[in-house]
Amino acid sequence: MTSQFGLRADELACRRDDRLLFDALGFHAEKGQMLEICGKNGSGKTTLLRLLCGLRQPDEGQIFWRGQNILDDPENYRQTLCYVGHLSGLKADLSPYDNLCAESQLFGVSQDAVEPALQSLGLGREIDIPCHRLSAGQLQRASLARLLVRGADLWILDEPCASLDRDAQLNVQTILENHALAGGTVVFTTHQPIEFKRADVRQLWLSKSPGDAVDA
Amino acid sequence: MRKAFFALLGRDFTLAIRRPGEIVDAWMFFILIVCLFPLGTNPDDGLLTAFAPAIIWIAALLSTLLSLDRIFKSDFLDGSLEQLLLSPQPVAILVFAKVLVHWVSSGLLLILISPLMAIFLGLPTEAIPVLMLSLLLGTPVLSLVGAIAVALTVGLRGAGLLLPLLLLPLYTPVLIFGSHAVQAAATGMSAVGPLYLLGAILLLAVTLAPLAIAASLRISVE
């Protein structure tokens with residue numbers, strides 16, 4: 001199981017409030033692959049994604065990116081990673097454009113991609129409206145626009161299609177597939193019935209009873 | 001790295017300017033506390049002047065406490081803290097930018113109004129430059145040390161009074177040396193000693209606090 005170009009997790013275990021969420025969890029997602037984390041509410045999907053981002057440390061086990069433990073060179077790892085979670089990460093008093101421009105400087109990437117990114121998510125008209133006046137779906141789109149700004153290889157997405165309308169869901173689906181087809185890696189969770197036809201999607205089921213999380 | 005620092009600085013200043021109420025509240029609080037003392041005592045017996053340095057310094061501590069929460073709270077709630085921690089830049093440098101914005105919008109404003117407060121409490125005019133200098137050295141420490149405690153408690157529900165309970169003991173050295181410097185100047189003695197000590201505390205806080213804040217934030221977002 002030598003995985004030089006993708007994400008690999010070995011023997012992960014995580015406890016939350018004395019409850020074992022998962023244990024001995026191992027999986028890998030290669031370059032060009034999409035990995036869907038499946039499981040019921042409360043089965044630890046979000047926690048697993050946060051482990052993969054390095055926002056939380058696993059109680060046991062290690063995570064490797066391109067064959068290197070993500071703790072060895074966290075700054076470099078974060079450069080190749082883009083996480084979109086439940087929270088938008090956008091300041092309510094600033095417009096999506098200003099938010100993403102400030103963020104692109106934080107990540108050391110060009111601001112030129114901000115406007116096209118917002119446009120391709122259908123926010124061309126809302127580009128200069130403060131985020132507190134956007135609807136939940138528009139906010140989610142603005143949050144997803146950072147994927148196109150960042151130019152990261154590994155996308156970690158927690159319910160990217162939450163509160164999006166049907167068209168926007170299809171749009172996001174295309175964006176994710178294109179990323180995978182271009183050689184990126186996508187790890188995501190979703191409760192929407194989305195069918196990815198063009199990309200190589202694998203599923204990982206998290207189960208509540210310890211030990212029987214299976215790599216399907 | 002420098003670009004990221006200034007980008008964050010710019011963003012937070014813009015945000016602070018768009019919410020002027022939060023800044024003005026803490027500033028008015030400072031002014032009101034100081035103004036209540038002359039009303040509650042007899043201004044003629046000299047006691048007020050004797051207590052003036054302590055009153056101004058305690059008002060500065062309380063007003064800082066009131067405004068500390070905003071350093072990380074909104075970032076924690078809207079998820080920008082996560083993105084900040086996921087950025088490839090050293091987090092200690094980025095949090096320094098955030099603390100700097102807090103200091104400019106709290107401590108610096110207190111320094112600007114402090115001469116007026118000093119006159120109001122009858123502090124001798126010779127002591128006013130020392131008062132301003134002591135605040136200039138001391139209030140950044142309040143912001144820096146306060147940010148550590150805020151970073152630790154930002155994820156807690158119902159933290160309420162925890163922040164003042166954690167911080168007021170930690171603020172005592174700044175209070176002691178700050179008000180002693182002003183007292184010395186008011187009685188015609190040299191204020192250099194306490195000011196040097198304040199400066200030393202500031203240097204220590206500037207170098208070590210950002211690291212502690214960054215580590216505390218990582219614990220808080222877990």
# chains A, B, ... in the order shown; residues from 1 in each chain; ligands from 1
call {"tool": "closest_atom_pairs", "arguments": {"of": "chain A", "to": "chain B", "cutoff": "7 Å", "atoms": "only C-alpha atoms", "output": "JSON lines"}}
result
{"residue": "A:Leu55", "atom": "CA", "partner": "B:Glu222", "partner_atom": "CA", "distance": 6.2}
{"residue": "A:Arg56", "atom": "CA", "partner": "B:Glu222", "partner_atom": "CA", "distance": 5.0}
{"residue": "A:Glu75", "atom": "CA", "partner": "B:Pro88", "partner_atom": "CA", "distance": 4.6}
{"residue": "A:Asn76", "atom": "CA", "partner": "B:Pro88", "partner_atom": "CA", "distance": 6.6}
{"residue": "A:Arg78", "atom": "CA", "partner": "B:Pro88", "partner_atom": "CA", "distance": 5.3}
{"residue": "A:Gln79", "atom": "CA", "partner": "B:Pro88", "partner_atom": "CA", "distance": 5.4}
{"residue": "A:Leu87", "atom": "CA", "partner": "B:Gly79", "partner_atom": "CA", "distance": 4.8}
{"residue": "A:Ser88", "atom": "CA", "partner": "B:Gly79", "partner_atom": "CA", "distance": 5.9}
{"residue": "A:Gly89", "atom": "CA", "partner": "B:Ser80", "partner_atom": "CA", "distance": 3.8}
{"residue": "A:Leu90", "atom": "CA", "partner": "B:Ser80", "partner_atom": "CA", "distance": 6.1}
{"residue": "A:Lys91", "atom": "CA", "partner": "B:Asp78", "partner_atom": "CA", "distance": 6.9}
{"residue": "A:Asp93", "atom": "CA", "partner": "B:Leu15", "partner_atom": "CA", "distance": 6.7}
{"residue": "A:Ala102", "atom": "CA", "partner": "B:Ala7", "partner_atom": "CA", "distance": 5.7}
{"residue": "A:Gln105", "atom": "CA", "partner": "B:Ala4", "partner_atom": "CA", "distance": 5.3}
{"residue": "A:Leu106", "atom": "CA", "partner": "B:Ala4", "partner_atom": "CA", "distance": 4.3}
{"residue": "A:Phe107", "atom": "CA", "partner": "B:Ser87", "partner_atom": "CA", "distance": 5.6}
call {"tool": "select_by_dssp", "arguments": {"residues": "range 21-185 of chain A", "states": "helix (DSSP H, G or I)", "output": "ChimeraX atom specification"}}
result
/A:45-53,74-79,96-106,111-120,131-133,136-150,166-181
call {"tool": "closest_residue", "arguments": {"among": "A:Arg202, A:Asn99, A:Ala180, A:His28", "to": "Gln62 in chain A", "atoms": "only C-alpha atoms"}}
result
A:His28
call {"tool": "closest_residue", "arguments": {"among": "B:Gly160, B:Pro53, B:Gly188, B:Gly155", "to": "Met132 in chain B", "atoms": "only C-alpha atoms"}}
result
B:Pro53
call {"tool": "residues_around", "arguments": {"residues": "Glu60 in chain A", "least_positions_apart": "4", "cutoff": "10 Å", "atoms": "only C-alpha atoms", "output": "list of chain:residue names"}}
result
A:Asp10, A:Glu11, A:Leu12, A:Ala13, A:Cys14, A:Arg15, A:Asp23, A:Ala24, A:Leu25
call {"tool": "atom_distance", "arguments": {"atom1": "CA of Cys35 in chain B", "atom2": "CA of Leu166 in chain B"}}
result
26.9 Å
call {"tool": "atom_distance", "arguments": {"atom1": "CA of Lys197 in chain A", "atom2": "CA of Ser163 in chain A"}}
result
22.3 Å
call {"tool": "residues_around", "arguments": {"residues": "range 97-110 of chain B", "least_positions_apart": "6", "cutoff": "9 Å", "atoms": "only C-alpha atoms", "output": "VMD selection string"}}
result
chain B and resid 5 to 6 8 to 9 12 to 13 16 23 to 24 26 to 27 30 to 31 60 63 to 64 67 to 68 70 to 72 135 to 136 138 to 140 142 to 144 147 210
